[in-house]
Each structure stands twice: as C-alpha cells, then as structure tokens.
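Below is my_file-v3.tsv, which holds TSV, C-alpha atoms.
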chain	number	residue	atom	x	y	z
A	759	MET	CA	4.51	28.19	-37.40
A	760	ARG	CA	4.54	24.41	-36.88
A	761	LEU	CA	3.53	22.39	-39.92
A	762	ASP	CA	0.44	20.90	-38.23
A	763	GLN	CA	-0.66	24.47	-37.34
A	764	LEU	CA	-0.05	25.59	-40.91
A	765	VAL	CA	-2.08	22.73	-42.38
A	766	SER	CA	-4.90	23.34	-39.92
A	767	ALA	CA	-4.98	27.07	-40.60
A	768	HIS	CA	-5.16	26.72	-44.39
A	769	THR	CA	-7.47	23.70	-44.69
A	770	GLY	CA	-9.92	24.09	-41.83
A	771	LEU	CA	-8.88	20.71	-40.42
A	772	SER	CA	-8.48	20.38	-36.67
A	773	ARG	CA	-4.92	20.15	-35.33
A	774	ARG	CA	-5.57	16.50	-34.48
A	775	LYS	CA	-6.82	15.73	-38.00
A	776	ALA	CA	-3.90	17.64	-39.49
A	777	ARG	CA	-1.47	15.45	-37.54
A	778	GLU	CA	-3.28	12.31	-38.77
A	779	VAL	CA	-2.91	13.50	-42.38
A	780	LEU	CA	0.79	14.14	-41.75
A	781	GLN	CA	1.30	10.66	-40.30
A	782	LEU	CA	-0.35	9.09	-43.35
A	783	GLY	CA	2.03	10.94	-45.66
A	784	GLY	CA	-0.61	13.27	-47.09
A	785	VAL	CA	1.45	16.45	-46.74
A	786	GLN	CA	4.18	17.38	-49.20
A	787	ALA	CA	6.51	20.35	-49.25
A	788	HIS	CA	8.25	20.96	-52.58
A	789	ARG	CA	6.76	17.58	-53.62
A	790	LYS	CA	8.47	15.68	-50.80
A	791	ARG	CA	6.50	14.00	-48.01
A	792	ILE	CA	6.90	15.44	-44.56
A	793	LYS	CA	5.52	13.68	-41.48
A	794	VAL	CA	7.01	15.79	-38.69
A	795	ALA	CA	4.22	17.87	-37.15
A	796	SER	CA	6.67	20.30	-35.52
A	797	LYS	CA	8.53	20.98	-38.77
A	798	GLN	CA	8.87	24.67	-39.64
A	799	LEU	CA	9.17	25.68	-43.28
A	800	ARG	CA	10.71	28.69	-44.91
A	801	PRO	CA	8.37	31.38	-46.25
A	802	GLY	CA	7.45	30.74	-49.87
A	803	THR	CA	7.52	26.93	-49.53
A	804	GLU	CA	4.73	25.30	-51.54
A	805	VAL	CA	2.75	22.88	-49.35
A	806	ALA	CA	0.25	20.37	-50.80
A	807	VAL	CA	-2.27	18.55	-48.60
A	808	SER	CA	-4.13	15.44	-49.81
A	809	LEU	CA	-6.92	13.86	-47.79
A	810	ASP	CA	-8.79	10.60	-48.50
A	811	ASP	CA	-11.37	9.74	-45.84
A	812	SER	CA	-12.08	6.38	-47.52
A	813	LEU	CA	-8.66	4.93	-46.63
A	814	GLY	CA	-9.44	3.45	-43.22
A	815	GLN	CA	-6.70	1.48	-41.48
A	816	PRO	CA	-3.76	0.13	-43.51
A	817	LEU	CA	-4.56	-3.39	-44.69
A	818	ASP	CA	-2.83	-6.45	-43.30
A	819	LEU	CA	-3.37	-9.32	-45.72
A	820	VAL	CA	-1.47	-12.19	-47.26
A	821	VAL	CA	-0.45	-11.34	-50.81
A	822	PRO	CA	0.06	-14.43	-53.01
A	823	VAL	CA	3.75	-14.94	-53.82
A	824	LEU	CA	4.40	-16.32	-57.32
A	825	PHE	CA	8.19	-16.47	-57.00
A	826	GLU	CA	10.80	-15.45	-54.45
A	827	ASP	CA	14.55	-15.83	-54.06
A	828	ASP	CA	17.32	-13.64	-52.63
A	829	PHE	CA	16.97	-11.14	-55.48
A	830	LEU	CA	13.36	-11.05	-56.67
A	831	LEU	CA	9.89	-11.08	-55.16
A	832	VAL	CA	7.01	-11.65	-57.59
A	833	VAL	CA	3.49	-11.25	-56.23
A	834	ASP	CA	-0.10	-11.33	-57.44
A	835	LYS	CA	-1.31	-7.82	-56.64
A	836	PRO	CA	-4.91	-7.59	-55.43
A	837	ALA	CA	-7.29	-5.38	-57.38
A	838	GLY	CA	-8.09	-2.10	-55.67
A	839	MET	CA	-4.70	-1.66	-53.98
A	840	ALA	CA	-2.20	0.93	-55.21
A	841	SER	CA	1.22	-0.40	-56.21
A	842	GLN	CA	2.99	2.42	-54.39
A	843	GLY	CA	2.13	5.39	-52.20
A	844	THR	CA	-0.52	7.85	-53.32
A	845	GLN	CA	-0.64	11.57	-52.63
A	846	ALA	CA	-2.85	10.91	-49.59
A	847	SER	CA	-0.90	8.03	-48.03
A	848	ASP	CA	2.27	5.99	-48.20
A	849	LEU	CA	0.90	3.38	-45.78
A	850	HIS	CA	-2.01	1.85	-47.71
A	851	ASP	CA	-0.21	0.60	-50.83
A	852	LEU	CA	1.21	-2.82	-51.70
A	853	THR	CA	4.84	-1.73	-51.33
A	854	ALA	CA	4.18	-0.43	-47.80
A	855	LEU	CA	2.38	-3.66	-46.87
A	856	LEU	CA	5.25	-5.82	-48.10
A	857	GLN	CA	7.75	-3.59	-46.31
A	858	ARG	CA	5.88	-4.03	-43.02
A	859	GLN	CA	5.92	-7.79	-43.54
A	860	ARG	CA	9.65	-7.74	-44.39
A	861	PRO	CA	11.07	-5.05	-42.08
A	862	GLY	CA	14.48	-3.74	-43.04
A	863	ARG	CA	14.44	-5.52	-46.41
A	864	PHE	CA	15.36	-3.63	-49.58
A	865	LEU	CA	12.28	-3.63	-51.82
A	866	ALA	CA	12.04	-1.70	-55.08
A	867	LEU	CA	9.16	-1.87	-57.56
A	868	GLN	CA	10.32	-2.74	-61.08
A	869	HIS	CA	7.08	-1.65	-62.73
A	870	ARG	CA	3.58	-0.57	-61.70
A	871	LEU	CA	0.00	-1.66	-62.13
A	872	ASP	CA	-2.99	0.66	-61.93
A	873	GLN	CA	-4.81	0.53	-58.62
A	874	GLY	CA	-7.78	-1.34	-60.09
A	875	THR	CA	-5.62	-3.84	-61.99
A	876	SER	CA	-4.70	-7.17	-60.41
A	877	GLY	CA	-1.89	-9.54	-61.33
A	878	ILE	CA	1.85	-9.95	-61.64
A	879	LEU	CA	4.09	-7.37	-60.01
A	880	VAL	CA	7.88	-7.72	-59.74
A	881	ILE	CA	9.87	-6.27	-56.83
A	882	ALA	CA	13.66	-6.28	-56.54
A	883	LYS	CA	15.07	-7.43	-53.19
A	884	ASP	CA	18.57	-6.26	-54.06
A	885	PRO	CA	19.75	-3.12	-55.90
A	886	SER	CA	21.51	-5.30	-58.48
A	887	ALA	CA	18.27	-7.04	-59.47
A	888	HIS	CA	16.71	-4.22	-61.49
A	889	LEU	CA	14.80	-4.89	-64.71
A	890	GLY	CA	15.12	-1.40	-66.19
A	891	THR	CA	17.34	-2.51	-69.06
A	892	GLN	CA	14.89	-5.24	-70.07
A	893	PHE	CA	11.94	-2.85	-70.01
A	894	GLN	CA	13.85	-0.29	-72.08
A	895	ALA	CA	14.91	-2.94	-74.59
A	896	ARG	CA	11.32	-4.28	-74.72
A	897	THR	CA	12.48	-7.85	-74.19
A	898	ILE	CA	9.87	-8.44	-71.49
A	899	GLY	CA	6.72	-10.24	-72.58
A	900	LYS	CA	3.49	-8.97	-71.01
A	901	THR	CA	0.02	-10.48	-71.39
A	902	TYR	CA	-3.19	-9.12	-69.89
A	903	LEU	CA	-6.77	-10.32	-69.71
A	904	ALA	CA	-9.67	-7.87	-69.87
A	905	ARG	CA	-13.42	-7.98	-70.00
A	906	VAL	CA	-14.73	-5.45	-72.52
A	907	SER	CA	-18.07	-4.10	-73.68
A	908	ARG	CA	-18.27	-5.83	-77.09
A	909	HIS	CA	-16.69	-8.45	-79.30
A	910	LEU	CA	-13.32	-7.41	-80.66
A	911	GLU	CA	-11.59	-8.84	-83.72
A	912	PRO	CA	-7.81	-9.38	-83.63
A	913	CYS	CA	-6.04	-6.08	-84.24
A	914	THR	CA	-3.05	-3.93	-83.39
A	915	VAL	CA	-3.33	-0.37	-82.15
A	916	ASP	CA	-0.25	1.69	-82.99
A	917	LEU	CA	-1.08	5.18	-81.73
A	918	PRO	CA	0.84	7.52	-79.42
A	919	ILE	CA	-0.49	8.11	-75.93
A	920	GLY	CA	-0.29	11.36	-73.99
A	921	ARG	CA	-2.11	13.11	-71.18
A	922	VAL	CA	-5.27	14.90	-72.27
A	923	ARG	CA	-4.63	18.60	-71.71
A	924	GLY	CA	-6.58	20.01	-68.77
A	925	SER	CA	-8.04	16.65	-67.68
A	926	ARG	CA	-8.82	16.28	-63.96
A	927	PRO	CA	-8.39	13.60	-62.78
A	928	ALA	CA	-5.56	12.90	-65.19
A	929	ARG	CA	-6.79	11.10	-68.28
A	930	PHE	CA	-4.75	9.85	-71.21
A	931	GLY	CA	-5.67	9.48	-74.86
A	932	CYS	CA	-4.35	8.74	-78.33
A	933	THR	CA	-6.24	11.50	-80.20
A	934	GLY	CA	-6.95	15.15	-79.52
A	935	ASP	CA	-4.93	17.73	-77.61
A	936	LEU	CA	-2.29	15.63	-75.86
A	937	LEU	CA	0.67	16.53	-73.69
A	938	ASP	CA	3.91	14.69	-74.54
A	939	PRO	CA	2.41	11.90	-76.70
A	940	ARG	CA	4.71	8.88	-76.96
A	941	PRO	CA	4.67	5.85	-79.29
A	942	SER	CA	2.43	3.06	-77.99
A	943	VAL	CA	1.65	-0.34	-79.51
A	944	THR	CA	-0.79	-3.01	-78.25
A	945	ASP	CA	-1.95	-6.25	-79.86
A	946	PHE	CA	-5.48	-7.48	-79.10
A	947	ARG	CA	-7.30	-10.73	-79.79
A	948	PRO	CA	-10.40	-12.45	-78.42
A	949	ALA	CA	-9.64	-14.81	-75.55
A	950	THR	CA	-10.25	-18.47	-76.36
A	951	ALA	CA	-12.85	-20.64	-74.68
A	952	GLU	CA	-10.02	-22.58	-73.04
A	953	GLU	CA	-8.48	-19.41	-71.62
A	954	THR	CA	-11.78	-18.22	-70.18
A	955	GLY	CA	-13.17	-21.54	-68.96
A	956	GLY	CA	-15.26	-20.92	-65.85
A	957	PHE	CA	-15.20	-17.12	-66.26
A	958	LEU	CA	-18.25	-14.99	-65.76
A	959	PRO	CA	-20.12	-14.40	-69.05
A	960	GLY	CA	-18.89	-11.51	-71.16
A	961	PHE	CA	-16.55	-10.42	-73.93
A	962	TRP	CA	-12.95	-11.26	-73.02
A	963	VAL	CA	-9.80	-10.12	-74.80
A	964	VAL	CA	-6.09	-10.85	-74.48
A	965	ALA	CA	-3.88	-7.77	-74.68
A	966	THR	CA	-0.16	-7.76	-75.40
A	967	PRO	CA	1.40	-4.32	-74.92
A	968	HIS	CA	4.76	-3.74	-76.60
A	969	THR	CA	5.32	-0.43	-74.83
A	970	GLY	CA	4.60	0.65	-71.27
A	971	ARG	CA	2.61	3.90	-71.30
A	972	THR	CA	0.32	4.97	-68.49
A	973	HIS	CA	-3.15	3.37	-68.89
A	974	GLN	CA	-2.02	2.01	-72.28
A	975	ILE	CA	-4.38	-0.96	-72.57
A	976	ARG	CA	-7.30	1.01	-71.17
A	977	VAL	CA	-6.73	3.91	-73.56
A	978	HIS	CA	-6.32	1.73	-76.66
A	979	LEU	CA	-9.42	-0.34	-75.86
A	980	SER	CA	-11.45	2.80	-75.30
A	981	HIS	CA	-10.22	4.12	-78.66
A	982	LEU	CA	-11.49	0.91	-80.28
A	983	GLY	CA	-14.92	1.44	-78.73
A	984	ALA	CA	-14.48	-1.56	-76.44
A	985	PRO	CA	-13.48	-0.06	-73.06
A	986	VAL	CA	-12.59	-2.24	-70.11
A	987	TYR	CA	-15.58	-3.18	-67.99
A	988	GLY	CA	-15.71	-1.00	-64.88
A	989	ASP	CA	-13.35	1.64	-66.30
A	990	GLY	CA	-15.28	4.82	-65.56
A	991	LEU	CA	-12.33	7.02	-66.51
A	992	TYR	CA	-12.42	5.68	-70.08
A	993	PHE	CA	-16.19	5.27	-70.50
A	994	GLY	CA	-16.45	1.57	-69.62
A	995	GLU	CA	-19.59	-0.18	-68.40
A	996	LYS	CA	-20.37	0.47	-64.74
A	997	SER	CA	-18.97	-2.04	-62.26
A	998	ASP	CA	-17.61	-1.98	-58.73
A	999	HIS	CA	-14.13	-2.95	-59.95
A	1000	LEU	CA	-11.87	-2.79	-63.00
A	1001	TRP	CA	-11.89	-5.99	-65.06
A	1002	LEU	CA	-8.21	-5.98	-66.03
A	1003	HIS	CA	-5.60	-8.51	-64.95
A	1004	ALA	CA	-1.83	-8.75	-65.56
A	1005	TRP	CA	-1.89	-12.43	-66.44
A	1006	LYS	CA	1.54	-13.45	-67.72
A	1007	LEU	CA	5.04	-11.99	-67.64
A	1008	SER	CA	8.16	-13.33	-69.29
A	1009	ILE	CA	11.51	-11.97	-68.06
A	1010	GLU	CA	15.15	-12.93	-67.69
A	1011	HIS	CA	16.28	-13.29	-64.11
A	1012	PRO	CA	18.50	-10.21	-63.65
A	1013	ILE	CA	21.21	-12.21	-61.84
A	1014	THR	CA	21.13	-15.76	-63.24
A	1015	GLY	CA	19.88	-14.90	-66.73
A	1016	ALA	CA	17.38	-17.77	-66.61
A	1017	ARG	CA	14.15	-17.21	-68.54
A	1018	MET	CA	11.14	-16.95	-66.22
A	1019	ASP	CA	7.59	-17.43	-67.47
A	1020	LEU	CA	5.36	-16.17	-64.67
A	1021	VAL	CA	1.60	-16.65	-64.45
A	1022	ALA	CA	-0.97	-15.14	-62.09
A	1023	PRO	CA	-4.21	-17.15	-62.32
A	1024	PRO	CA	-7.15	-14.76	-62.90
A	1025	GLY	CA	-9.23	-16.27	-60.12
A	1026	ARG	CA	-11.30	-13.13	-59.52
A	1027	PHE	CA	-12.90	-13.55	-62.95
A	1028	LEU	CA	-14.30	-17.01	-62.18
A	1029	GLY	CA	-18.05	-17.37	-61.89
A	1030	ASP	CA	-19.94	-18.89	-59.00
A	1031	PRO	CA	-19.50	-22.69	-59.27
A	1032	ALA	CA	-23.08	-23.08	-58.05

Write out the structure in this file as structure tokens.
Amino acid sequence: MRLDQLVSAHTGLSRRKAREVLQLGGVQAHRKRIKVASKQLRPGTEVAVSLDDSLGQPLDLVVPVLFEDDFLLVVDKPAGMASQGTQASDLHDLTALLQRQRPGRFLALQHRLDQGTSGILVIAKDPSAHLGTQFQARTIGKTYLARVSRHLEPCTVDLPIGRVRGSRPARFGCTGDLLDPRPSVTDFRPATAEETGGFLPGFWVVATPHTGRTHQIRVHLSHLGAPVYGDGLYFGEKSDHLWLHAWKLSIEHPITGARMDLVAPPGRFLGDPA
C-alpha cells in the first residue's frame, strides 16, 4: 500500500489531505520524516502522523540579523516561531525560512529557543563553526529578560530539572516524579529601571542560566511562584504570547577566537509611545 493510502486509511484523512501532511513533513516512519506519497513500507513499520491545521502557509519574513560572516549567522528570532522543524512540519520553522532565503547554504543551529521565546539564536554557516565545546564547558554567557507575576528578590535556583512523568504535553519540573533529572542552575534578579525603560508595566526579571536544560528558566521561575507571563504550561498569567526574551549572549568566535558580546533589543516589550 502506498504511504498516502496508508495514512488516509488509518486517520480518516482524504488522500489529498494525506499528501498535504506528507509534503509538510508531518509523517514519520521509525522517527524519520518521509515525504514520498508513493513510498511503500515493510510490515511492522511504526508510522506517526502529526497534523496542525493552524499552520497556514510557511512564513516569508525578514528576520533581523545581529551578526553575519562566512562562518556564523546570528539572528533575532521572532516570538511564536519554532527554531527547528516540529512533528507536524519542517517548513514553518526559522531554520527552514533561513534555508529558503539562503538556498544551498550549510546552516546548523547551535542551540534552540522555545517557540514562544524571542531573541538571540546562533547558526553555523560552516561545519567547523560549531559551539558545542563552549556550551559543554559553560563558557557561554546567556542573559534573558522575562515578565513575571510578582516581584522577585535576587536569588539562585540550584535544582535538577527532568520531565514530569506522564505529562502530556511534555512538561518539566524540579520536584516530584521526574524522568532523568539533571543539574540546573539559574540566577535571578529584578531588572533595573534603566534596563526596562519604556517597557509595558509589570514585574521584570533578568535571568542568567548556567546550564541549558529544556524550559529551564520557565521551570525555575514557576518553582519560585513567579511564572513567566503568558506561560500556560507552567501556570503563568494568561496572555497571547510568552514574555521571555533571549537578550544577551557572550561567545568566542569559533574560528577567530574573538570575544563576541551580542545583544537583541527587546523591542516587543516596549509600551505604546502614545
């Protein structure tokens, strides 16, 4: 049986809709994307189908470039856009957009930001320009800005983070029944009036993570009883977007060794000048 027939038969989707899902990258066999509608699979192959009717057409927008040379591309990722392909599509994410705008160019994410998080994202333009060693050695300086639900005194959270067993969608925590908890450390302090000049009113904090766990800042702030505004997964105040921004990043250029202090202005937090 052709793969589009198989998907249609087991999901109730029409053959046409099944082919659309395939073209988006929403069908995986043995956890690998397959886009060929005529593909025939061996009996016993596990097939997963993911559908997201909210995707619409892949976006075509200008992403602000903070730095670019022959080896690195540093951009200011928009909030609401995935860093890389999701289960439902490998056409609607930032990496796919940049690849369409730079056809044939080697592009490799060096780290990720949550879909709702905006700010600095580093992409290698050459295989030699990886930052893995710096991330592992924790020599990279990361600074985030977040709007939270209450005032927070300066503090450090040093608690392991792991996936909450049985959570759907996947949720992470630093207490309770956790799968594979790993050491996680984040410093927090209130943002200064100078740092938040012109921002919308609210409680603003600066977060400095010393490790890189999934949802680390969000989990630690929720543990402190000050979840990120708009973070429904971790019990934050309701909002139409996540109020978290990757503000500053300090790295060594992987080829030249020069220190780079990168900044992504948090313009989406500014209030109406009127």

For this session: Identify, on the basis of all atoms listed in the file, every residue whose closest approach to range 884-887 of chain A does not exceed 9 Å; exclude the query and any residue fewer than 3 positions from it along the same chain; express the result as a VMD selection string.
Result: chain A and resid 828 to 830 863 to 866 881 1011 to 1013

Atoms kept (C-alpha atoms) for selection, written as a PDB file, in the frame of the given file:
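File written: result35.pdb
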ATOM      1  CA  ASP A 828      17.320 -13.640 -52.630  1.00  0.00           C
ATOM      2  CA  PHE A 829      16.970 -11.140 -55.480  1.00  0.00           C
ATOM      3  CA  LEU A 830      13.360 -11.050 -56.670  1.00  0.00           C
ATOM      4  CA  ARG A 863      14.440  -5.520 -46.410  1.00  0.00           C
ATOM      5  CA  PHE A 864      15.360  -3.630 -49.580  1.00  0.00           C
ATOM      6  CA  LEU A 865      12.280  -3.630 -51.820  1.00  0.00           C
ATOM      7  CA  ALA A 866      12.040  -1.700 -55.080  1.00  0.00           C
ATOM      8  CA  ILE A 881       9.870  -6.270 -56.830  1.00  0.00           C
ATOM      9  CA  HIS A1011      16.280 -13.290 -64.110  1.00  0.00           C
ATOM     10  CA  PRO A1012      18.500 -10.210 -63.650  1.00  0.00           C
ATOM     11  CA  ILE A1013      21.210 -12.210 -61.840  1.00  0.00           C
TER      12      ILE A1013
END

For this session: Write out as a ChimeraX atom specification which residues come within 10 Å of range 1018-1020 of chain A when counting all atoms listed in the file, dropping same-chain ones fewer than 2 positions away.
Result: /A:824-825,832-833,878,899-900,1005-1011,1015-1016,1022-1023

Problem set entry | Which residue of A:Ser980, A:Thr914, A:Ser808, A:Gln974 approaches Leu771 in chain A most closely, using only C-alpha atoms |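 Looking only at the distances to Leu771 in chain A, the closest residue turns out to be A:Ser808.
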
For this session: Give me, please, the distance in Å between CA of Val964 in chain A and CA of Ala904 in chain A, quoted to one decimal.
Result: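 Separating CA of Val964 in chain A from CA of Ala904 in chain A is a distance of 6.6 Å.
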
Problem set entry | From A:His968, A:Arg908, A:His999, A:Arg921, residue lying nearest Met839 in chain A [only C-alpha atoms] | A:His999

For this session: Write out as a list in words the residues lying within 10 Å of Gly1029 in chain A, counting all atoms listed in the file and excluding same-chain residues fewer than 3 positions away.
Result: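 Selected residues are Gly955, Gly956, Phe957, Leu958, Pro959, Gly1025, Arg1026 and Ala1032 of chain A.
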
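Counting from CA of Thr769 in chain A, the distance to CA of Val807 in chain A is 8.3 Å.
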
Exercise. Can you list, as a PyMOL selection string, every protein, DNA or RNA residue that comes within 12 Å of range 857-862 of chain A when you count all atoms listed in the file, leaving out same-chain residues fewer than 5 positions away?
Worked result: chain A and resi 816-821+831+842+848-852+867+881+883

Expected residue set, 7 Å radius at (0.8, -0.6, -74.8), only C-alpha atoms, as a compact mmCIF listing (two decimals) with C-alpha atoms, keeping the file's coordinate frame:
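Saved the output as out-v5.txt:
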# COMPACT_ATOMS: atom_id res chain seq x y z
CA SER A 942 2.43 3.06 -77.99
CA VAL A 943 1.65 -0.34 -79.51
CA THR A 944 -0.79 -3.01 -78.25
CA PRO A 967 1.40 -4.32 -74.92
CA HIS A 968 4.76 -3.74 -76.60
CA THR A 969 5.32 -0.43 -74.83
CA GLY A 970 4.60 0.65 -71.27
CA ARG A 971 2.61 3.90 -71.30
CA GLN A 974 -2.02 2.01 -72.28
CA ILE A 975 -4.38 -0.96 -72.57
